[in-house]
Amino acid sequence: MHKMIRKTTYSLGRHVSSMARGTTQVRRLLHGAYVRIHPSVQEALVEGRPVVALESTIITHGMAYPLNLSMAREVEEIVRTNGAVPATVGILRGQIHVGLTDEELEFLASSKNAVKVSRRDFPFVLSQGLSGGTTVSGTMIAAHKAGIPVFVTGGIGGVHRDGENTLDVSADLTELGRTPVAVISAGAKSILDIGRTLEYLETQGVCVAAFGESREFPAFFSRQSGFQAPYQVRDEEEAAKLIDSALGLGLSSGVLIAVPCPQERAAEGQAIEEAIQQALSQTRSKGITGKEVTPFLLQKLTQLTDGKSLDSNLALIQNNARVGSCIAVALSKLQKARRKGNLPRRGENMTPPQPVVIGGINVDFIAKAQNPDILGGGQTNAGRVRRTFGGVGRNLADCLSRLGQAPLLLSAVGKDEHLESVLHYCHHMDMRGVLQLEGKSTASYCAVITSAGELSVGLGDMDIHHQITEQYVSQFKENLCQAPLICIDGNVPLSTIQYVCQLAREHQLAVCYEPTDENKASKPFLSDSWKALTYISPNLQELRAINQTLGNPLPAELPSRLEDVVQTAVALACPLLAHLHCVVVTLGAHGVLLCGKSLGGSISLYPGAQEQTAAARLCAAHYPAIPISREEIVNVSGAGDSLMAGILAGMLAKHDTGTCVRMGLLAASLSLRSYEPISPEISTSSVNQEQVKSRSWPVVKVWKMD
């Protein structure tokens, strides 16, 4: 989420929700308190290694214990053997787990009260602290949130037989139409109406391809369904290219790769068809409906076919795991090859190199109460509501543009009612790199604040930020490799941050990471990616979260007295400077603390000669904020972004450190007095070297860090 309204109106730092402060688990940083990503999965994701998501409904509802447990273990091992990392998705005690330990697998396999969890079930199951197995739909949601593009299952749900009368259509089909994950399955379950299922997938805009030598769409237990798939991919490389194309286009719909059951293990289609008809007759006579139908039918089929359908079930699941993991490996290789493509030659593009900002664009609705107390119970409170346009990336690009640096902004917005307003508001910015997506909503944020400026409640719809993908950003590789500076905010997906860090490492690029908020601050620090960064600009809470992720010592609590704040910030910034060039700690009303290498009394903002100078020492310099009364403050949402953008604009203009920092403080003070996150008063006339020189500034205090 973008920077929230601060609890203290004159703070330049970012607001941190009291719910998250102090209690946020390191492993919950990616997607909040509802999701836990297993360390092995998390590590693979940030390192760009192939990961395969696996569902758990087949464990909880598809087979009896202990066969379900041995099957789950075997499938995970097949994935590992073929070069990928398995990530079985399940719900344990009200939390989504992406990747399970063996003990957690056994818990789900042996559970008598596990719930079958699809999209509709998540809110209730999580709120009640229940445990369950995720369906195809549920697993796709979790995989997408975790950044896993490939998911292996047995067979998808579909349109049930007699569905034209019962309207019984699986949520798997609608999920495939709105969640960009590739599903590797043995087609649709043969108990379904295959023809209508394919028609429904077409309506949902899902790309369906048969895998192998035939376009025949498989029917789970049987290699033949009597229907042709729209497309065909002959091997894992072709499948990977298809998936990569879908992801790169940002279509927001899934891909279905239909893999036939191995010939030597496939059951006789006709025999199973007869058993299906008999089982369906029993479901009708017993009045079984809804999500209870499939488990009942599968159990009956096992009985009626003397176990042949179960043998085929196991064989196709194992085969899907092998094929799916090979596809994931091929996709990973394809993406890595793109990352390592040839560096564009200087001079080929006559456009002068420009900074690049990668991050979010938000429509902000700020409601400020008129009276000190906000009344509940559905009552209307008098106040003032304003619409502005924010987002950390947008704010940085806006301020840099006003200061003459004209960065290229890479972001994503929806083709919705806000699009025209966003483009009009940002007319002075380079918006060529902003992706416009049909059927998606532009990120929006609503904040209700008290008359004293404290946040009462904030609501955000930020899903579109997931569309700022590695595949999309890599299309601008030439711009990135020539950029004098790259800024990236914490809203973008992990894989995108990983891509930028790898590019920075390979081509010695200067990258500034803007942490955005405490929950997102640690994204690059979950692996060695952060060591490729040049600058970071956290507040004290974010700096503590970063150190927590790295396993460094932490203060018992964060201080408020300036001297103690500086001492704590210095201690937390010090271990990061082994790899980062500079840590810019925003201190709200206290100003800013610059931590880095000093030679001759001034901290260097420019990587280069001082890195190898023996006389350079680690120092921290405190620059006090420009005094501003509470009455003068109008909006605090973009002050921190203005501060950092002012510093970066000074750096790009090659000014000395003191001038750069004070340009940032000037920009921040202007935005605090503006209803807009970035003040329209910010310009090359109001924030420049001459304006800095014309003012008297408090003395800068410097401390040695080593």
# chains A, B, ... in the order shown; residues from 1 in each chain; ligands from 1
>>> residues_around(residues="segment 592-598 of chain A", least_positions_apart="3", cutoff="9 Å", atoms="only C-alpha atoms", output="ChimeraX atom specification")
/A:12,566,569-570,573-574,577,580-589,601-605,610-611,615-625,643,661,665,705
>>> residues_around(residues="Arg544 of chain A", least_positions_apart="3", cutoff="10 Å", atoms="only C-alpha atoms", output="JSON, numbers by chain")
{"A": [22, 518, 521, 522, 538, 539, 540, 541, 547, 548, 549, 550, 552, 553, 554, 555, 557, 558, 568, 569, 572, 573]}
>>> closest_atom_pairs(of="segment 404-465 of chain A", to="segment 251-256 of chain A", cutoff="9 Å", atoms="only C-alpha atoms", output="tab-separated table")
residue	atom	partner	partner_atom	distance
A:Leu437	CA	A:Leu251	CA	7.8
A:Glu438	CA	A:Leu251	CA	8.2
A:Gly439	CA	A:Ser252	CA	8.5
A:Lys440	CA	A:Ser252	CA	8.5
>>> write_last_selection(atoms="all heavy atoms", output="JSON list (two decimals), in the first residue's frame")
[["chain", "number", "residue", "atom", "x", "y", "z"],
["A", 437, "LEU", "N", -4.86, -1.23, -18.55],
["A", 437, "LEU", "CA", -5.41, -2.58, -18.60],
["A", 437, "LEU", "C", -6.94, -2.58, -18.60],
["A", 437, "LEU", "O", -7.58, -1.97, -17.74],
["A", 437, "LEU", "CB", -4.91, -3.39, -17.40],
["A", 437, "LEU", "CG", -3.39, -3.63, -17.36],
["A", 437, "LEU", "CD1", -3.00, -4.26, -16.03],
["A", 437, "LEU", "CD2", -2.97, -4.53, -18.51],
["A", 438, "GLU", "N", -7.50, -3.28, -19.58],
["A", 438, "GLU", "CA", -8.94, -3.49, -19.62],
["A", 438, "GLU", "C", -9.37, -4.40, -18.46],
["A", 438, "GLU", "O", -8.67, -5.33, -18.09],
["A", 438, "GLU", "CB", -9.34, -4.17, -20.94],
["A", 438, "GLU", "CG", -9.12, -3.32, -22.18],
["A", 438, "GLU", "CD", -10.24, -2.31, -22.40],
["A", 438, "GLU", "OE1", -11.16, -2.27, -21.56],
["A", 438, "GLU", "OE2", -10.18, -1.58, -23.41],
["A", 439, "GLY", "N", -10.52, -4.10, -17.88],
["A", 439, "GLY", "CA", -11.08, -4.96, -16.85],
["A", 439, "GLY", "C", -10.39, -4.86, -15.51],
["A", 439, "GLY", "O", -10.67, -5.65, -14.60],
["A", 440, "LYS", "N", -9.47, -3.92, -15.36],
["A", 440, "LYS", "CA", -8.77, -3.74, -14.09],
["A", 440, "LYS", "C", -9.11, -2.37, -13.51],
["A", 440, "LYS", "O", -9.43, -1.43, -14.23],
["A", 440, "LYS", "CB", -7.25, -3.84, -14.29],
["A", 440, "LYS", "CG", -6.74, -5.24, -14.60],
["A", 440, "LYS", "CD", -6.87, -6.14, -13.38],
["A", 440, "LYS", "CE", -6.32, -7.51, -13.64],
["A", 440, "LYS", "NZ", -6.45, -8.39, -12.46]]
>>> atom_distance(atom1="atom CA of Val115 of chain A", atom2="atom CA of Asn519 of chain A")
29.4 Å
>>> residues_around(residues="segment 444-458 of chain A", least_positions_apart="3", cutoff="6 Å", atoms="only C-alpha atoms", output="NGL selection string")
:A and (7 or 9 or 362-372 or 461)
>>> atom_distance(atom1="atom CA of Ser629 of chain A", atom2="atom CA of Glu514 of chain A")
27.0 Å
>>> closest_atom_pairs(of="segment 321-420 of chain A", to="segment 50-54 of chain A", cutoff="6 Å", atoms="only C-alpha atoms", output="tab-separated table")
residue	atom	partner	partner_atom	distance
A:Ala328	CA	A:Pro50	CA	5.4
A:Val329	CA	A:Pro50	CA	5.4
A:Ser332	CA	A:Pro50	CA	5.5
>>> write_last_selection(atoms="N, CA and C atoms", output="compact mmCIF listing (two decimals), in the first residue's frame")
# COMPACT_ATOMS: atom_id res chain seq x y z
N ALA A 328 7.71 -25.36 -15.62
CA ALA A 328 8.16 -24.28 -14.73
C ALA A 328 9.65 -24.02 -14.91
N VAL A 329 10.43 -25.08 -15.06
CA VAL A 329 11.88 -24.93 -15.28
C VAL A 329 12.14 -24.23 -16.61
N SER A 332 11.29 -20.57 -16.27
CA SER A 332 12.33 -19.87 -15.51
C SER A 332 13.55 -19.59 -16.39
>>> residues_around(residues="Leu648 of chain A", least_positions_apart="5", cutoff="12 Å", atoms="only C-alpha atoms", output="JSON, numbers by chain")
{"A": [355, 356, 357, 396, 397, 399, 400, 401, 403, 404, 405, 407, 484, 485, 486, 487, 510, 511, 512, 513, 514, 535, 536, 537, 584, 605, 606, 641, 642, 643, 653, 654, 655, 656, 657, 659, 660, 661, 662, 663, 664, 665, 667]}
>>> atom_distance(atom1="atom CA of Arg561 of chain A", atom2="atom CA of Lys701 of chain A")
15.6 Å
>>> select_by_dssp(residues="segment 446-682 of chain A", states="helix (DSSP H, G or I)", output="ChimeraX atom specification")
/A:463-467,470-482,494-507,523-526,528-532,540-550,562-578,588-590,609-612,630-632,639-652,657-672
>>> residues_around(residues="Pro218 of chain A", least_positions_apart="2", cutoff="7 Å", atoms="only C-alpha atoms", output="list in words")
Ala186, Gly187, Glu216, Phe220, Ser222, Arg223, Gln224, Ser225, Ala258, Val259 and Pro260 of chain A
>>> closest_atom_pairs(of="segment 176-215 of chain A", to="segment 55-66 of chain A", cutoff="12 Å", atoms="only C-alpha atoms", output="JSON lines")
{"residue": "A:Val183", "atom": "CA", "partner": "A:Glu55", "partner_atom": "CA", "distance": 10.7}
{"residue": "A:Ile184", "atom": "CA", "partner": "A:Glu55", "partner_atom": "CA", "distance": 11.4}
{"residue": "A:Ser185", "atom": "CA", "partner": "A:Glu55", "partner_atom": "CA", "distance": 11.3}
>>> closest_residue(among="A:Ile191, A:Ile361, A:Val233, A:Ala668", to="Thr283 of chain A", atoms="only C-alpha atoms")
A:Ile191
>>> closest_residue(among="A:His38, A:Val117, A:Asp172, A:Val323", to="Gly212 of chain A", atoms="only C-alpha atoms")
A:Val323
>>> residues_around(residues="Leu310 of chain A", least_positions_apart="2", cutoff="12 Å", atoms="only C-alpha atoms", output="PyMOL selection string")
chain A and resi 62-64+67-68+71+154+220-221+265-267+272+297-308+312-317
>>> write_last_selection(atoms="N, CA, C and O atoms", output="short mmCIF file (atom, residue, chain, number, x, y, z; two decimals), in the first residue's frame")
data_model
loop_
_atom_site.label_atom_id
_atom_site.label_comp_id
_atom_site.auth_asym_id
_atom_site.auth_seq_id
_atom_site.Cartn_x
_atom_site.Cartn_y
_atom_site.Cartn_z
N GLY A 62 -9.94 -35.76 -1.68
CA GLY A 62 -9.85 -36.61 -2.85
C GLY A 62 -9.48 -38.05 -2.59
O GLY A 62 -9.86 -38.95 -3.35
N MET A 63 -8.73 -38.30 -1.53
CA MET A 63 -8.27 -39.65 -1.22
C MET A 63 -8.30 -39.87 0.29
O MET A 63 -8.24 -38.92 1.07
N ALA A 64 -8.36 -41.14 0.67
CA ALA A 64 -8.40 -41.49 2.09
C ALA A 64 -7.00 -41.51 2.67
O ALA A 64 -6.01 -41.71 1.97
N LEU A 67 -3.25 -42.93 2.15
CA LEU A 67 -2.88 -42.87 0.74
C LEU A 67 -2.71 -41.44 0.28
O LEU A 67 -1.82 -41.12 -0.52
N ASN A 68 -3.55 -40.53 0.79
CA ASN A 68 -3.46 -39.12 0.40
C ASN A 68 -2.11 -38.52 0.80
O ASN A 68 -1.52 -37.72 0.08
N MET A 71 0.69 -39.90 -1.41
CA MET A 71 0.56 -39.27 -2.72
C MET A 71 1.14 -37.86 -2.70
O MET A 71 1.90 -37.46 -3.60
N GLY A 154 -4.73 -32.24 -10.51
CA GLY A 154 -5.17 -33.44 -11.22
C GLY A 154 -6.04 -33.06 -12.40
O GLY A 154 -5.65 -33.19 -13.56
N PHE A 220 -9.52 -36.34 -17.91
CA PHE A 220 -9.07 -36.80 -16.60
C PHE A 220 -8.63 -38.26 -16.64
O PHE A 220 -7.47 -38.55 -16.96
N PHE A 221 -9.51 -39.23 -16.37
CA PHE A 221 -9.14 -40.63 -16.37
C PHE A 221 -8.81 -41.13 -17.79
O PHE A 221 -8.04 -42.07 -17.95
N ARG A 265 -1.07 -46.30 -18.45
CA ARG A 265 -1.83 -46.36 -17.19
C ARG A 265 -3.27 -45.90 -17.37
O ARG A 265 -4.04 -45.90 -16.40
N ALA A 266 -3.63 -45.48 -18.57
CA ALA A 266 -4.98 -44.93 -18.78
C ALA A 266 -6.03 -46.03 -18.70
O ALA A 266 -5.87 -47.11 -19.25
N ALA A 267 -7.08 -45.75 -17.99
CA ALA A 267 -8.18 -46.72 -17.88
C ALA A 267 -9.01 -46.69 -19.16
O ALA A 267 -8.99 -45.72 -19.93
N ILE A 272 -15.15 -46.50 -17.76
CA ILE A 272 -15.29 -45.42 -16.79
C ILE A 272 -16.53 -44.59 -17.08
O ILE A 272 -17.23 -44.15 -16.16
N LEU A 297 -18.59 -38.63 -6.20
CA LEU A 297 -18.44 -39.32 -7.48
C LEU A 297 -17.10 -40.04 -7.58
O LEU A 297 -17.02 -41.17 -8.05
N LEU A 298 -16.03 -39.36 -7.14
CA LEU A 298 -14.70 -39.99 -7.23
C LEU A 298 -14.62 -41.24 -6.35
O LEU A 298 -14.04 -42.26 -6.74
N GLN A 299 -15.25 -41.17 -5.18
CA GLN A 299 -15.26 -42.34 -4.28
C GLN A 299 -16.05 -43.49 -4.92
O GLN A 299 -15.62 -44.66 -4.89
N LYS A 300 -17.20 -43.15 -5.50
CA LYS A 300 -18.02 -44.18 -6.13
C LYS A 300 -17.31 -44.80 -7.34
O LYS A 300 -17.39 -46.01 -7.58
N LEU A 301 -16.63 -43.96 -8.12
CA LEU A 301 -15.91 -44.46 -9.28
C LEU A 301 -14.82 -45.46 -8.88
O LEU A 301 -14.61 -46.46 -9.55
N THR A 302 -14.14 -45.17 -7.77
CA THR A 302 -13.12 -46.10 -7.29
C THR A 302 -13.73 -47.46 -6.98
O THR A 302 -13.18 -48.52 -7.32
N GLN A 303 -14.92 -47.43 -6.35
CA GLN A 303 -15.60 -48.69 -6.01
C GLN A 303 -16.09 -49.41 -7.27
O GLN A 303 -15.88 -50.62 -7.42
N LEU A 304 -16.71 -48.66 -8.18
CA LEU A 304 -17.34 -49.28 -9.34
C LEU A 304 -16.33 -49.80 -10.36
O LEU A 304 -16.64 -50.69 -11.15
N THR A 305 -15.11 -49.23 -10.37
CA THR A 305 -14.09 -49.68 -11.33
C THR A 305 -13.05 -50.58 -10.68
O THR A 305 -12.00 -50.84 -11.28
N ASP A 306 -13.35 -51.04 -9.45
CA ASP A 306 -12.40 -51.90 -8.71
C ASP A 306 -11.02 -51.26 -8.60
O ASP A 306 -9.98 -51.94 -8.71
N GLY A 307 -11.00 -49.97 -8.38
CA GLY A 307 -9.74 -49.28 -8.14
C GLY A 307 -9.03 -48.79 -9.37
O GLY A 307 -8.01 -48.09 -9.27
N LYS A 308 -9.53 -49.13 -10.58
CA LYS A 308 -8.84 -48.70 -11.80
C LYS A 308 -8.85 -47.19 -11.95
O LYS A 308 -7.88 -46.59 -12.40
N SER A 312 -5.57 -44.72 -12.19
CA SER A 312 -5.41 -43.70 -13.23
C SER A 312 -5.25 -42.32 -12.60
O SER A 312 -4.47 -41.49 -13.07
N ASN A 313 -6.00 -42.07 -11.52
CA ASN A 313 -5.91 -40.80 -10.81
C ASN A 313 -4.49 -40.54 -10.32
O ASN A 313 -3.90 -39.48 -10.56
N LEU A 314 -3.90 -41.54 -9.66
CA LEU A 314 -2.54 -41.41 -9.16
C LEU A 314 -1.55 -41.21 -10.30
O LEU A 314 -0.64 -40.39 -10.22
N ALA A 315 -1.73 -41.97 -11.37
CA ALA A 315 -0.80 -41.89 -12.50
C ALA A 315 -0.83 -40.52 -13.16
O ALA A 315 0.21 -39.96 -13.50
N LEU A 316 -2.04 -39.97 -13.33
CA LEU A 316 -2.10 -38.69 -14.02
C LEU A 316 -1.59 -37.55 -13.14
O LEU A 316 -0.98 -36.59 -13.63
N ILE A 317 -1.82 -37.65 -11.82
CA ILE A 317 -1.31 -36.62 -10.92
C ILE A 317 0.22 -36.61 -10.94
O ILE A 317 0.86 -35.55 -11.02
#
>>> residues_around(residues="Ser686 of chain A", least_positions_apart="5", cutoff="9 Å", atoms="only C-alpha atoms", output="PyMOL selection string")
chain A and resi 666-667+681+691
>>> write_last_selection(atoms="N, CA, C and O atoms", output="compact mmCIF listing (two decimals), in the first residue's frame")
# COMPACT_ATOMS: atom_id res chain seq x y z
N LEU A 666 13.27 21.56 1.21
CA LEU A 666 12.44 22.62 0.61
C LEU A 666 11.21 22.03 -0.07
O LEU A 666 10.09 22.52 0.12
N ALA A 667 11.41 20.98 -0.85
CA ALA A 667 10.29 20.35 -1.56
C ALA A 667 9.28 19.79 -0.57
O ALA A 667 8.05 19.92 -0.76
N GLU A 681 3.53 23.99 -6.49
CA GLU A 681 4.50 25.08 -6.33
C GLU A 681 5.94 24.61 -6.49
O GLU A 681 6.85 25.43 -6.64
N GLN A 691 18.03 28.92 -4.26
CA GLN A 691 17.09 29.02 -3.14
C GLN A 691 17.72 28.46 -1.86
O GLN A 691 17.50 28.99 -0.77
>>> select_by_dssp(residues="segment 109-233 of chain A", states="strand (DSSP E)", output="count of residues only")
21
>>> decode(residues="segment 100-111 of chain A", atoms="all heavy atoms", output="CSV table (one decimal), in the first residue's frame")
chain,number,residue,atom,x,y,z
A,100,LEU,N,4.2,-26.3,2.5
A,100,LEU,CA,3.9,-26.9,3.8
A,100,LEU,C,5.1,-27.8,4.2
A,100,LEU,O,5.8,-28.4,3.4
A,100,LEU,CB,2.6,-27.8,3.6
A,100,LEU,CG,1.3,-27.2,3.2
A,100,LEU,CD1,0.2,-28.2,3.0
A,100,LEU,CD2,0.9,-26.1,4.2
A,101,THR,N,5.3,-27.8,5.5
A,101,THR,CA,6.2,-28.8,6.1
A,101,THR,C,5.6,-30.2,6.1
A,101,THR,O,4.4,-30.3,5.8
A,101,THR,CB,6.5,-28.4,7.6
A,101,THR,OG1,5.3,-28.6,8.3
A,101,THR,CG2,7.0,-27.0,7.7
A,102,ASP,N,6.4,-31.2,6.3
A,102,ASP,CA,5.8,-32.6,6.3
A,102,ASP,C,4.8,-32.7,7.4
A,102,ASP,O,3.8,-33.4,7.2
A,102,ASP,CB,7.0,-33.6,6.5
A,102,ASP,CG,6.5,-35.0,6.2
A,102,ASP,OD1,6.2,-35.3,5.0
A,102,ASP,OD2,6.4,-35.8,7.1
A,103,GLU,N,5.0,-32.1,8.6
A,103,GLU,CA,4.1,-32.2,9.7
A,103,GLU,C,2.7,-31.5,9.3
A,103,GLU,O,1.7,-32.0,9.6
A,103,GLU,CB,4.6,-31.5,10.9
A,103,GLU,CG,5.8,-32.2,11.6
A,103,GLU,CD,7.1,-32.0,10.8
A,103,GLU,OE1,7.2,-31.1,9.9
A,103,GLU,OE2,8.1,-32.7,11.1
A,104,GLU,N,2.8,-30.4,8.5
A,104,GLU,CA,1.6,-29.7,8.1
A,104,GLU,C,0.9,-30.6,7.0
A,104,GLU,O,-0.4,-30.6,7.0
A,104,GLU,CB,2.0,-28.3,7.6
A,104,GLU,CG,2.4,-27.4,8.7
A,104,GLU,CD,3.1,-26.1,8.1
A,104,GLU,OE1,3.5,-26.1,7.0
A,104,GLU,OE2,3.3,-25.2,8.9
A,105,LEU,N,1.6,-31.2,6.2
A,105,LEU,CA,1.0,-32.1,5.2
A,105,LEU,C,0.2,-33.2,5.9
A,105,LEU,O,-0.9,-33.5,5.6
A,105,LEU,CB,2.0,-32.8,4.3
A,105,LEU,CG,2.4,-32.0,3.0
A,105,LEU,CD1,3.5,-32.8,2.3
A,105,LEU,CD2,1.3,-31.8,2.1
A,106,GLU,N,0.8,-33.8,6.9
A,106,GLU,CA,0.2,-34.9,7.7
A,106,GLU,C,-1.0,-34.4,8.4
A,106,GLU,O,-2.0,-35.1,8.5
A,106,GLU,CB,1.2,-35.5,8.6
A,106,GLU,CG,0.6,-36.7,9.3
A,106,GLU,CD,1.7,-37.7,9.8
A,106,GLU,OE1,2.8,-37.4,9.8
A,106,GLU,OE2,1.3,-38.8,10.2
A,107,PHE,N,-0.9,-33.2,8.9
A,107,PHE,CA,-2.1,-32.6,9.7
A,107,PHE,C,-3.3,-32.5,8.7
A,107,PHE,O,-4.4,-32.9,9.1
A,107,PHE,CB,-1.7,-31.2,10.2
A,107,PHE,CG,-2.9,-30.4,10.8
A,107,PHE,CD1,-3.4,-30.7,12.0
A,107,PHE,CD2,-3.5,-29.4,10.0
A,107,PHE,CE1,-4.5,-30.0,12.5
A,107,PHE,CE2,-4.6,-28.7,10.5
A,107,PHE,CZ,-5.1,-29.0,11.8
A,108,LEU,N,-3.1,-32.0,7.5
A,108,LEU,CA,-4.2,-31.8,6.6
A,108,LEU,C,-4.7,-33.2,6.1
A,108,LEU,O,-5.9,-33.4,6.0
A,108,LEU,CB,-3.8,-31.0,5.4
A,108,LEU,CG,-3.7,-29.5,5.5
A,108,LEU,CD1,-3.3,-28.8,4.2
A,108,LEU,CD2,-5.1,-28.9,6.0
A,109,ALA,N,-3.8,-34.1,5.9
A,109,ALA,CA,-4.1,-35.4,5.3
A,109,ALA,C,-5.0,-36.2,6.3
A,109,ALA,O,-5.9,-37.0,6.0
A,109,ALA,CB,-2.9,-36.2,5.0
A,110,SER,N,-4.7,-36.0,7.6
A,110,SER,CA,-5.4,-36.8,8.6
A,110,SER,C,-6.6,-36.1,9.3
A,110,SER,O,-7.3,-36.6,10.1
A,110,SER,CB,-4.4,-37.2,9.8
A,110,SER,OG,-3.8,-36.1,10.3
A,111,SER,N,-6.8,-34.8,8.9
A,111,SER,CA,-7.8,-34.0,9.5
A,111,SER,C,-9.2,-34.5,9.1
A,111,SER,O,-9.5,-34.8,7.9
A,111,SER,CB,-7.7,-32.5,9.0
A,111,SER,OG,-8.8,-31.8,9.5
